[in-house]
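J.: See coords_2.pdb below, with PDB, C-alpha atoms.
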ATOM      1  CA  MET A 556     142.168 102.634 108.718
ATOM      2  CA  ALA A 557     144.793 100.070 107.720
ATOM      3  CA  HIS A 558     142.489  98.384 105.198
ATOM      4  CA  VAL A 559     142.346 101.599 103.170
ATOM      5  CA  GLU A 560     146.063 102.270 103.132
ATOM      6  CA  ILE A 561     147.294  98.951 101.737
ATOM      7  CA  SER A 562     147.983  98.496  98.029
ATOM      8  CA  VAL A 563     145.385  97.420  95.477
ATOM      9  CA  LEU A 564     146.995  93.994  95.060
ATOM     10  CA  SER A 565     147.018  93.452  98.808
ATOM     11  CA  ARG A 566     143.384  94.527  99.031
ATOM     12  CA  GLN A 567     142.458  91.862  96.497
ATOM     13  CA  ASN A 568     144.342  89.220  98.435
ATOM     14  CA  VAL A 569     142.821  90.273 101.767
ATOM     15  CA  SER A 570     139.279  90.323 100.365
ATOM     16  CA  GLU A 571     139.640  86.825  98.907
ATOM     17  CA  TRP A 572     141.196  85.548 102.131
ATOM     18  CA  ASP A 573     138.204  86.908 104.087
ATOM     19  CA  TYR A 574     135.803  85.310 101.632
ATOM     20  CA  PHE A 575     137.216  81.796 101.671
ATOM     21  CA  ALA A 576     138.165  81.861 105.363
ATOM     22  CA  ARG A 577     134.786  83.013 106.759
ATOM     23  CA  VAL A 578     132.240  84.366 104.287
ATOM     24  CA  LYS A 579     131.793  81.253 102.162
ATOM     25  CA  GLU A 580     131.396  79.097 105.266
ATOM     26  CA  CYS A 581     128.420  80.921 106.759
ATOM     27  CA  SER A 582     127.183  83.102 103.868
ATOM     28  CA  GLY A 583     127.904  81.070 100.757
ATOM     29  CA  ILE A 584     125.027  82.659  98.854
ATOM     30  CA  ILE A 585     127.254  85.758  98.496
ATOM     31  CA  HIS A 586     129.013  85.139  95.188
ATOM     32  CA  ILE A 587     132.773  85.613  95.089
ATOM     33  CA  LYS A 588     132.503  88.061  92.156
ATOM     34  CA  GLN A 589     129.984  90.224  94.012
ATOM     35  CA  TRP A 590     132.071  90.134  97.166
ATOM     36  CA  ARG A 591     135.254  91.059  95.285
ATOM     37  CA  GLU A 592     133.590  93.920  93.404
ATOM     38  CA  TRP A 593     132.134  95.369  96.597
ATOM     39  CA  ARG A 594     135.414  95.196  98.514
ATOM     40  CA  MET A 595     137.328  96.833  95.653
ATOM     41  CA  SER A 596     134.853  99.464  94.415
ATOM     42  CA  GLY A 597     132.162  99.778  97.096
ATOM     43  CA  ILE A 598     129.448  98.812  94.592
ATOM     44  CA  ALA A 599     127.332  95.996  96.003
ATOM     45  CA  PHE A 600     124.205  96.172  93.836
ATOM     46  CA  GLU A 601     124.553  96.777  90.111
ATOM     47  CA  PHE A 602     121.670  96.632  87.645
ATOM     48  CA  GLY A 603     121.442  96.778  83.870
ATOM     49  CA  ASP A 604     123.665  99.194  81.975
ATOM     50  CA  ALA A 605     123.756 101.831  84.707
ATOM     51  CA  THR A 606     127.031 103.622  85.319
ATOM     52  CA  TYR A 607     127.960 104.127  88.952
ATOM     53  CA  ASP A 608     130.352 107.078  88.853
ATOM     54  CA  ARG A 609     128.869 109.333  91.565
ATOM     55  CA  ASP A 610     129.533 109.279  95.289
ATOM     56  CA  ASN A 611     126.729 107.999  97.517
ATOM     57  CA  ARG A 612     126.522 110.966  99.853
ATOM     58  CA  THR A 613     123.765 109.397 101.922
ATOM     59  CA  MET A 614     126.493 107.356 103.617
ATOM     60  CA  LEU A 615     128.440 110.446 104.721
ATOM     61  CA  THR A 616     128.053 111.380 108.365
ATOM     62  CA  SER A 617     129.841 113.481 110.944
ATOM     63  CA  ALA A 618     131.767 112.276 113.959
ATOM     64  CA  THR A 619     133.346 114.311 116.734
ATOM     65  CA  GLY A 620     137.115 114.022 116.920
ATOM     66  CA  THR A 621     140.255 115.928 117.813
ATOM     67  CA  ALA A 622     142.157 117.782 115.090
ATOM     68  CA  LYS A 623     145.695 116.392 114.801
ATOM     69  CA  SER A 624     147.208 119.132 112.666
ATOM     70  CA  GLY A 625     146.656 122.670 111.424
ATOM     71  CA  ARG A 626     145.634 125.752 113.309
ATOM     72  CA  ASP A 627     142.832 123.849 115.054
ATOM     73  CA  ARG A 628     145.137 121.156 116.376
ATOM     74  CA  GLY A 629     143.952 119.775 119.711
ATOM     75  CA  MET A 630     140.439 121.175 119.316
ATOM     76  CA  CYS A 631     137.271 119.092 119.066
ATOM     77  CA  LYS A 632     135.874 119.192 115.561
ATOM     78  CA  ASP A 633     133.034 117.517 113.682
ATOM     79  CA  VAL A 634     134.718 115.481 110.972
ATOM     80  CA  ARG A 635     132.720 114.548 107.893
ATOM     81  CA  GLY A 636     133.495 111.117 106.485
ATOM     82  CA  TYR A 637     132.412 107.575 105.706
ATOM     83  CA  TRP A 638     132.061 105.855 109.067
ATOM     84  CA  VAL A 639     130.091 102.746 108.116
ATOM     85  CA  ASP A 640     131.144  99.183 107.320
ATOM     86  CA  ILE A 641     133.791  98.530 104.659
ATOM     87  CA  LEU A 642     134.545  94.912 105.551
ATOM     88  CA  ASN A 643     131.395  92.829 106.046
ATOM     89  CA  SER A 644     129.196  93.959 103.118
ATOM     90  CA  PRO A 645     125.587  95.194 102.976
ATOM     91  CA  TYR A 646     124.415  91.760 101.812
ATOM     92  CA  VAL A 647     123.969  90.627 105.413
ATOM     93  CA  SER A 648     120.875  92.822 105.925
ATOM     94  CA  HIS A 649     118.565  91.284 103.307
ATOM     95  CA  GLY A 650     120.601  89.015 101.059
ATOM     96  CA  LEU A 651     121.272  85.844 103.068
ATOM     97  CA  GLU A 652     117.827  84.454 103.869
ATOM     98  CA  VAL A 653     114.438  84.573 102.168
ATOM     99  CA  ASP A 654     111.737  85.947 104.453
ATOM    100  CA  SER A 655     108.755  84.618 102.488
ATOM    101  CA  GLN A 656     107.515  81.054 103.029
ATOM    102  CA  HIS A 657     106.096  80.522  99.538
ATOM    103  CA  ALA A 658     107.486  77.601  97.560
ATOM    104  CA  HIS A 659     109.008  79.637  94.733
ATOM    105  CA  ALA A 660     110.625  82.006  97.241
ATOM    106  CA  GLU A 661     112.187  79.171  99.226
ATOM    107  CA  ASN A 662     113.784  77.924  95.994
ATOM    108  CA  LEU A 663     115.947  81.051  95.949
ATOM    109  CA  SER A 664     118.100  79.268  98.546
ATOM    110  CA  GLU A 665     118.488  76.165  96.381
ATOM    111  CA  VAL A 666     121.949  74.577  96.373
ATOM    112  CA  MET A 667     122.944  72.705  93.236
ATOM    113  CA  ASN A 668     125.276  69.681  93.126
ATOM    114  CA  ARG A 669     124.796  69.100  96.833
ATOM    115  CA  GLY A 670     127.074  66.408  98.240
ATOM    116  CA  THR A 671     129.436  66.392  95.259
ATOM    117  CA  GLY A 672     132.105  68.721  96.623
ATOM    118  CA  ALA A 673     131.157  71.278  93.951
ATOM    119  CA  GLU A 674     128.092  72.776  95.628
ATOM    120  CA  GLN A 675     126.891  76.094  94.291
ATOM    121  CA  TYR A 676     123.918  78.317  95.043
ATOM    122  CA  ARG A 677     121.590  78.743  92.081
ATOM    123  CA  HIS A 678     120.872  82.328  93.078
ATOM    124  CA  ASN A 679     122.953  84.976  94.819
ATOM    125  CA  ALA A 680     122.692  87.587  97.554
ATOM    126  CA  VAL A 681     121.688  90.385  95.168
ATOM    127  CA  GLU A 682     118.681  88.423  93.882
ATOM    128  CA  VAL A 683     117.612  87.466  97.408
ATOM    129  CA  SER A 684     117.941  91.113  98.500
ATOM    130  CA  MET A 685     115.797  92.263  95.596
ATOM    131  CA  HIS A 686     113.107  89.695  96.394
ATOM    132  CA  ASN A 687     113.014  90.568 100.095
ATOM    133  CA  LEU A 688     112.791  94.306  99.428
ATOM    134  CA  MET A 689     110.014  93.800  96.865
ATOM    135  CA  ASP A 690     108.224  91.610  99.401
ATOM    136  CA  PHE A 691     108.444  94.353 102.043
ATOM    137  CA  MET A 692     107.173  97.078  99.711
ATOM    138  CA  TRP A 693     104.470  94.867  98.173
ATOM    139  CA  GLU A 694     103.073  93.927 101.571
ATOM    140  CA  LEU A 695     103.222  97.539 102.729
ATOM    141  CA  GLU A 696     101.259  98.647  99.656
ATOM    142  CA  THR A 697      98.767  95.801  99.263
ATOM    143  CA  GLY A 698      98.540  94.121 102.657
ATOM    144  CA  SER A 699      99.496  90.712 101.233
ATOM    145  CA  GLU A 700     102.790  88.905 100.661
ATOM    146  CA  TYR A 701     104.564  89.122  97.333
ATOM    147  CA  GLU A 702     104.393  85.829  95.411
ATOM    148  CA  MET A 703     106.548  84.771  92.491
ATOM    149  CA  VAL A 704     104.475  83.302  89.665
ATOM    150  CA  ILE A 705     107.364  81.647  87.835
ATOM    151  CA  GLU A 706     109.961  79.570  89.629
ATOM    152  CA  HIS A 707     113.401  81.227  89.915
ATOM    153  CA  ASP A 708     112.094  84.512  88.416
ATOM    154  CA  ILE A 709     112.059  87.062  91.231
ATOM    155  CA  PHE A 710     110.179  89.665  89.142
ATOM    156  CA  SER A 711     107.455  87.293  87.885
ATOM    157  CA  GLY A 712     104.922  88.478  90.461
ATOM    158  CA  LEU A 713     104.899  92.025  89.095
ATOM    159  CA  GLY A 714     103.290  91.333  85.696
ATOM    160  CA  ASN A 715      99.725  92.053  84.573
ATOM    161  CA  ASP A 716      99.012  88.313  84.457
ATOM    162  CA  ARG A 717      99.393  88.037  88.221
ATOM    163  CA  LYS A 718      96.251  86.497  89.677
ATOM    164  CA  SER A 719      95.371  88.829  92.502
ATOM    165  CA  LYS A 720      92.411  90.897  93.583
ATOM    166  CA  PRO A 721      92.429  94.674  93.972
ATOM    167  CA  ILE A 722      93.103  95.532  97.583
ATOM    168  CA  VAL A 723      90.819  98.563  97.802
ATOM    169  CA  GLY A 724      87.463  99.143  96.205
ATOM    170  CA  SER A 725      84.197  97.225  96.222
ATOM    171  CA  ASP A 726      81.256  96.278  94.015
ATOM    172  CA  ASP A 727      80.155  99.898  94.166
ATOM    173  CA  ASP A 728      83.293 100.881  92.277
ATOM    174  CA  LYS A 729      82.376  99.009  89.093
ATOM    175  CA  ASN A 730      81.248 102.211  87.456
ATOM    176  CA  ASN A 731      84.576 103.917  88.092
ATOM    177  CA  LYS A 732      86.510 104.585  84.917
ATOM    178  CA  ALA A 733      89.857 103.138  85.854
ATOM    179  CA  SER A 734      92.417 101.929  83.342
ATOM    180  CA  PRO A 735      92.999  98.160  82.900
ATOM    181  CA  GLU A 736      96.369  98.564  84.539
ATOM    182  CA  LEU A 737      94.804  99.979  87.679
ATOM    183  CA  ASN A 738      92.356  97.067  87.860
ATOM    184  CA  SER A 739      95.004  94.396  87.273
ATOM    185  CA  GLY A 740      96.027  94.194  90.916
ATOM    186  CA  ASN A 741      99.398  95.839  90.287
ATOM    187  CA  ARG A 742      98.141  99.158  91.624
ATOM    188  CA  ALA A 743      95.905  99.239  94.678
ATOM    189  CA  PHE A 744      94.679 102.787  94.317
ATOM    190  CA  GLN A 745      93.043 104.979  91.709
ATOM    191  CA  GLU A 746      94.899 107.327  89.413
ATOM    192  CA  GLY A 747      95.235 110.774  90.917
ATOM    193  CA  ASP A 748      95.474 109.617  94.533
ATOM    194  CA  GLU A 749      98.538 111.084  96.169
ATOM    195  CA  THR A 750      99.093 108.253  98.634
ATOM    196  CA  ASN A 751      98.111 104.608  98.598
ATOM    197  CA  PRO A 752      95.493 104.151 101.372
ATOM    198  CA  ASN A 753      97.027 100.791 102.281
ATOM    199  CA  VAL A 754     100.365 102.469 102.921
ATOM    200  CA  MET A 755      98.634 105.121 105.004
ATOM    201  CA  ALA A 756      96.900 102.439 107.064
ATOM    202  CA  ALA A 757     100.133 100.475 107.530
ATOM    203  CA  LEU A 758     101.980 103.555 108.762
ATOM    204  CA  ASP A 759      99.131 104.926 110.873
ATOM    205  CA  GLY A 760     100.342 105.505 114.399
ATOM    206  CA  LEU A 761     103.956 104.645 113.537
ATOM    207  CA  THR A 762     106.534 106.860 115.207
ATOM    208  CA  VAL A 763     110.265 106.759 114.514
ATOM    209  CA  ILE A 764     112.379 107.755 117.500
ATOM    210  CA  PRO A 765     116.064 108.383 116.698
ATOM    211  CA  VAL A 766     117.695 107.426 119.987
ATOM    212  CA  LEU A 767     121.215 108.188 118.721
ATOM    213  CA  GLY A 768     122.917 106.448 121.621
ATOM    214  CA  ASN A 769     121.148 108.495 124.301
ATOM    215  CA  ALA A 770     118.925 106.388 126.561
ATOM    216  CA  GLN A 771     117.440 109.424 128.312
ATOM    217  CA  THR A 772     114.746 109.497 125.625
ATOM    218  CA  LEU A 773     113.453 106.161 126.915
ATOM    219  CA  SER A 774     113.311 107.412 130.513
ATOM    220  CA  ARG A 775     110.259 109.554 129.750
ATOM    221  CA  LYS A 776     107.077 108.514 131.507
ATOM    222  CA  LYS A 777     105.176 107.816 128.287
ATOM    223  CA  TYR A 778     107.687 105.114 127.324
ATOM    224  CA  GLN A 779     107.648 103.225 130.622
ATOM    225  CA  GLY A 780     106.766  99.578 129.958
ATOM    226  CA  ARG A 781     105.788 100.509 126.392
ATOM    227  CA  PHE A 782     107.839  98.104 124.258
ATOM    228  CA  ASP A 783     107.108  94.380 123.831
ATOM    229  CA  PHE A 784     109.907  93.558 121.388
ATOM    230  CA  VAL A 785     113.323  95.122 120.832
ATOM    231  CA  PHE A 786     116.109  94.137 118.460
ATOM    232  CA  LEU A 787     119.624  95.204 119.392
ATOM    233  CA  SER A 788     122.517  95.111 116.972
ATOM    234  CA  GLN A 789     125.779  93.634 118.129
ATOM    235  CA  HIS A 790     127.187  97.136 118.710
ATOM    236  CA  ALA A 791     124.203  98.024 120.918
ATOM    237  CA  ALA A 792     124.327  94.924 123.133
ATOM    238  CA  HIS A 793     125.568  97.040 126.048
ATOM    239  CA  TRP A 794     122.084  98.578 126.266
ATOM    240  CA  LEU A 795     121.055  95.466 128.170
ATOM    241  CA  ARG A 796     122.697  96.932 131.260
ATOM    242  CA  ASN A 797     121.059 100.351 130.869
ATOM    243  CA  PRO A 798     118.306 100.973 133.487
ATOM    244  CA  GLU A 799     116.466 103.459 131.236
ATOM    245  CA  PHE A 800     116.336 100.859 128.476
ATOM    246  CA  LYS A 801     115.013  98.182 130.842
ATOM    247  CA  SER A 802     112.358 100.511 132.255
ATOM    248  CA  ALA A 803     110.929 100.969 128.750
ATOM    249  CA  LEU A 804     110.331  97.222 128.362
ATOM    250  CA  GLY A 805     106.999  95.644 129.132
ATOM    251  CA  ASN A 806     106.565  92.630 131.388
ATOM    252  CA  GLN A 807     107.911  89.535 129.594
ATOM    253  CA  ALA A 808     109.096  91.726 126.704
ATOM    254  CA  VAL A 809     111.416  89.994 124.244
ATOM    255  CA  VAL A 810     114.857  91.394 123.455
ATOM    256  CA  GLU A 811     116.763  89.919 120.543
ATOM    257  CA  VAL A 812     120.500  90.614 120.370
ATOM    258  CA  GLU A 813     122.593  90.120 117.260
ATOM    259  CA  THR A 814     125.593  87.789 117.572
ATOM    260  CA  GLY A 815     128.938  88.111 115.802
ATOM    261  CA  LYS A 816     128.165  85.404 113.244
ATOM    262  CA  PHE A 817     128.318  87.806 110.313
ATOM    263  CA  VAL A 818     131.241  89.876 111.567
ATOM    264  CA  TYR A 819     133.597  88.011 109.310
ATOM    265  CA  GLN A 820     136.789  89.321 110.914
ATOM    266  CA  LEU A 821     135.983  87.593 114.207
ATOM    267  CA  LYS A 822     137.551  84.199 114.805
ATOM    268  CA  LYS A 823     135.557  81.520 116.589
ATOM    269  CA  LYS A 824     137.240  82.224 119.914
ATOM    270  CA  ASP A 825     136.323  85.921 119.532
ATOM    271  CA  GLN A 826     132.726  84.996 118.729
ATOM    272  CA  LEU A 827     132.589  82.783 121.825
ATOM    273  CA  GLN A 828     133.907  85.616 123.992
ATOM    274  CA  LEU A 829     131.266  87.942 122.552
ATOM    275  CA  LEU A 830     128.509  85.410 123.248
ATOM    276  CA  GLU A 831     129.718  84.949 126.825
ATOM    277  CA  LYS A 832     129.741  88.707 127.326
ATOM    278  CA  ILE A 833     126.203  89.138 125.987
ATOM    279  CA  ASN A 834     124.926  86.271 128.148
ATOM    280  CA  SER A 835     126.622  87.592 131.264
ATOM    281  CA  ILE A 836     125.268  91.134 130.791
ATOM    282  CA  ALA A 837     121.756  89.818 130.192
ATOM    283  CA  SER A 838     121.833  87.497 133.190
ATOM    284  CA  ALA A 839     123.184  90.193 135.512
ATOM    285  CA  ASN A 840     120.434  92.620 134.524
ATOM    286  CA  GLY A 841     117.346  90.449 134.933
ATOM    287  CA  PHE A 842     116.911  88.900 131.493
ATOM    288  CA  ARG A 843     116.045  85.234 131.044
ATOM    289  CA  LYS A 844     117.577  83.495 128.067
ATOM    290  CA  GLU A 845     115.265  81.605 125.720
ATOM    291  CA  GLU A 846     116.266  78.015 125.099
ATOM    292  CA  MET A 847     117.168  77.067 121.530
ATOM    293  CA  ASN A 848     115.162  74.487 119.596
ATOM    294  CA  ALA A 849     116.540  71.548 117.638
ATOM    295  CA  CYS A 850     117.164  72.272 113.955
ATOM    296  CA  GLU A 851     116.258  69.221 111.855
ATOM    297  CA  SER A 852     118.563  66.416 113.041
ATOM    298  CA  GLU A 853     121.288  68.597 114.518
ATOM    299  CA  GLU A 854     121.402  70.677 117.656
ATOM    300  CA  LEU A 855     122.130  74.338 117.098
ATOM    301  CA  THR A 856     124.972  75.953 118.966
ATOM    302  CA  GLU A 857     125.058  79.634 119.759
ATOM    303  CA  LEU A 858     127.744  80.107 117.109
ATOM    304  CA  ASP A 859     125.183  79.040 114.491
ATOM    305  CA  CYS A 860     122.584  81.576 115.607
ATOM    306  CA  ASN A 861     122.110  84.986 114.030
ATOM    307  CA  SER A 862     120.822  86.343 117.322
ATOM    308  CA  LEU A 863     120.088  85.459 120.947
ATOM    309  CA  ARG A 864     116.669  85.974 122.488
ATOM    310  CA  PHE A 865     116.016  87.080 126.063
ATOM    311  CA  HIS A 866     112.853  87.744 128.100
ATOM    312  CA  ASN A 867     112.468  90.609 130.521
ATOM    313  CA  VAL A 868     111.654  89.270 133.976
TER     314      VAL A 868
END
Would you encode the structure as structure tokens?

T.:
Amino acid sequence: MAHVEISVLSRQNVSEWDYFARVKECSGIIHIKQWREWRMSGIAFEFGDATYDRDNRTMLTSATGTAKSGRDRGMCKDVRGYWVDILNSPYVSHGLEVDSQHAHAENLSEVMNRGTGAEQYRHNAVEVSMHNLMDFMWELETGSEYEMVIEHDIFSGLGNDRKSKPIVGSDDDKNNKASPELNSGNRAFQEGDETNPNVMAALDGLTVIPVLGNAQTLSRKKYQGRFDFVFLSQHAAHWLRNPEFKSALGNQAVVEVETGKFVYQLKKKDQLQLLEKINSIASANGFRKEEMNACESEELTELDCNSLRFHNV
């Protein structure tokens, strides 16, 4: 790819151009230093004094291609490599918006010096990502949302002084000899248990189906009309025209399709073309578009939306 072959100095210039041309406009909570470090080294999340000098092999996958040289030239081969994003950053997944509605959590999006021309986010995408991930895991383990106890301190809800009740157990458990730490609300299960019962309950009946681009899996009888909500990434928007995919949707099922808002290399005219394409595919295949609501005093445009929502009709 051309972005890999250019010189180090050019890479720095290109990364900063991308940041100030698009990233800062729609994802200003990503700090320029974090963005620059990720584009140059591939390290997006760095904590404490840890040294990141090993390859992350979990990102290595295989793709089928044609050998261009050697004795296997012209033959189809599985090529092992890094085939994921190197331009838009992993911050988009969890680092741009706070999912929790608690007051302290909403303050993670606070903008300082607003209206002065020197606006700056008090927190950054790494902190927001950490909070969101802790919120997911906390709710999975305890059944309740994670709450920060101290304003602007994302880890403040993890301490022993957190005012929360144990999730499992009852008055009959008073005679159990559990350590103070286990009764503090930080751990929802007794020492020696292999699996948190709340996690087991949350995952009960959950099945992960790796579709891997093949819609024939969804054509099975047991999946007909089974799904009430589906989220499609921007790269999977073409599934809207797939009959097997549509047959797996329930009546009035909701399909949410990612837009190109956070594909920072797209210009506005490219984003508009992508939106038109998604809308046309959805309309031609029996999906009704959901109308957008007013946002405060301004009307949202589709370019401002992270995703578009359609109903199966």

J.: What separation in Å, quoted to one decimal, exists between CA of Phe842 in chain A and CA of Ala792 in chain A?

T.: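 Computing the Euclidean distance for CA of Phe842 in chain A and CA of Ala792 in chain A yields 12.7 Å.
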
J.: Tell me, in Å to one decimal, how far CA of Leu615 in chain A is from CA of Ile587 in chain A.

T.: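 CA of Leu615 in chain A sits 27.0 Å away from CA of Ile587 in chain A.
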
J.: What does the distance from CA of Thr616 in chain A to CA of Tyr646 in chain A come to in Å, to one decimal?

T.: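 Computed distance, CA of Thr616 in chain A to CA of Tyr646 in chain A, equals 21.0 Å.
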
J.: Find the axis-aligned box for range 827-843 of chain A, covering all its listed atoms and adding 5 Å on each side, and write its centre and edge lengths in Å to one decimal as lines of an AutoDock Vina configuration file.

T.:
center_x = 125.0
center_y = 87.7
center_z = 128.7
size_x = 27.9
size_y = 19.8
size_z = 23.7

J.: Using all atoms listed in the file, which residues sit within 12 Å of Trp638 in chain A once same-chain residues fewer than 6 positions away are excluded, as a PyMOL selection string?

T.: chain A and resi 556+612-619

J.: Step by step, work through what the PyMOL selection byres ((chain A and resi 659) around 8) selects in the shown file, and finish by giving those residues as number ranges by chain.

T.: A: 657-658, 660-663, 702-707

J.: Expand the PyMOL selection byres ((chain A and resi 821) around 12) into the individual residues it matches in the shown file, reporting them as a VMD selection string.

T.: chain A and resid 573 576 to 578 642 to 643 814 to 820 822 to 830 858

J.: Do a neighbour search on Trp794 in chain A at 10 Å with all atoms listed in the file, toss out local chain neighbours closer than 4 positions, and write the hits as a list of chain:residue names.

T.: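 Close residues of Trp794 in chain A: A:Gly768, A:Ala770, A:Leu787, A:Ser788, A:His790, A:Pro798, A:Glu799, A:Phe800, A:Lys801, A:Ile836, A:Ala837.
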
J.: Smallest atom-to-atom distance to Gln567 in chain A: which of A:Lys579, A:Gln675, A:Met595, A:Val754, using all atoms listed in the file?

T.: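 Among the listed residues, A:Met595 lies closest to Gln567 in chain A.
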
J.: Please return, as a ChimeraX atom specification, all polymer residues that have at least one atom within 6 Å of the point (120.5, 94.8, 131.8); use only C-alpha atoms and the file's own coordinate frame.

T.: /A:795-797,837,840

J.: Taking the file as shown, what set of residues would the PyMOL selection byres ((chain A and resi 688) around 12) give back, as a list in words?

T.: Ser648, His649, Gly650, Glu652, Val653, Asp654, Ser655, Val681, Glu682, Val683, Ser684, Met685, His686, Asn687, Met689, Asp690, Phe691, Met692, Trp693, Glu694, Leu695, Glu700, Tyr701, Ile709 and Phe710 of chain A

J.: Nearest to Asn679 in chain A among A:Lys588, A:Phe782, A:Gly712, A:Val763, with distances taken over all atoms listed in the file: which residue is it?

T.: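 Result for the nearest residue to Asn679 in chain A: A:Lys588.
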
J.: Need to verify the contact set: Trp593 in chain A, 12 Å, all atoms listed in the file, exclusion of same-chain residues closer than 2 positions in sequence. Can you return it as an MDAnalysis selection string?

T.: chainID A and resid 566:567 570:571 574 585:591 595:601 640:646 681

J.: Looking at A:Phe865, A:Ala605, A:Leu651, A:Gly805, which one is nearest to Arg781 in chain A, with distances taken over all atoms listed in the file?

T.: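 Using all atoms listed in the file, Arg781 in chain A sits closest to A:Gly805.
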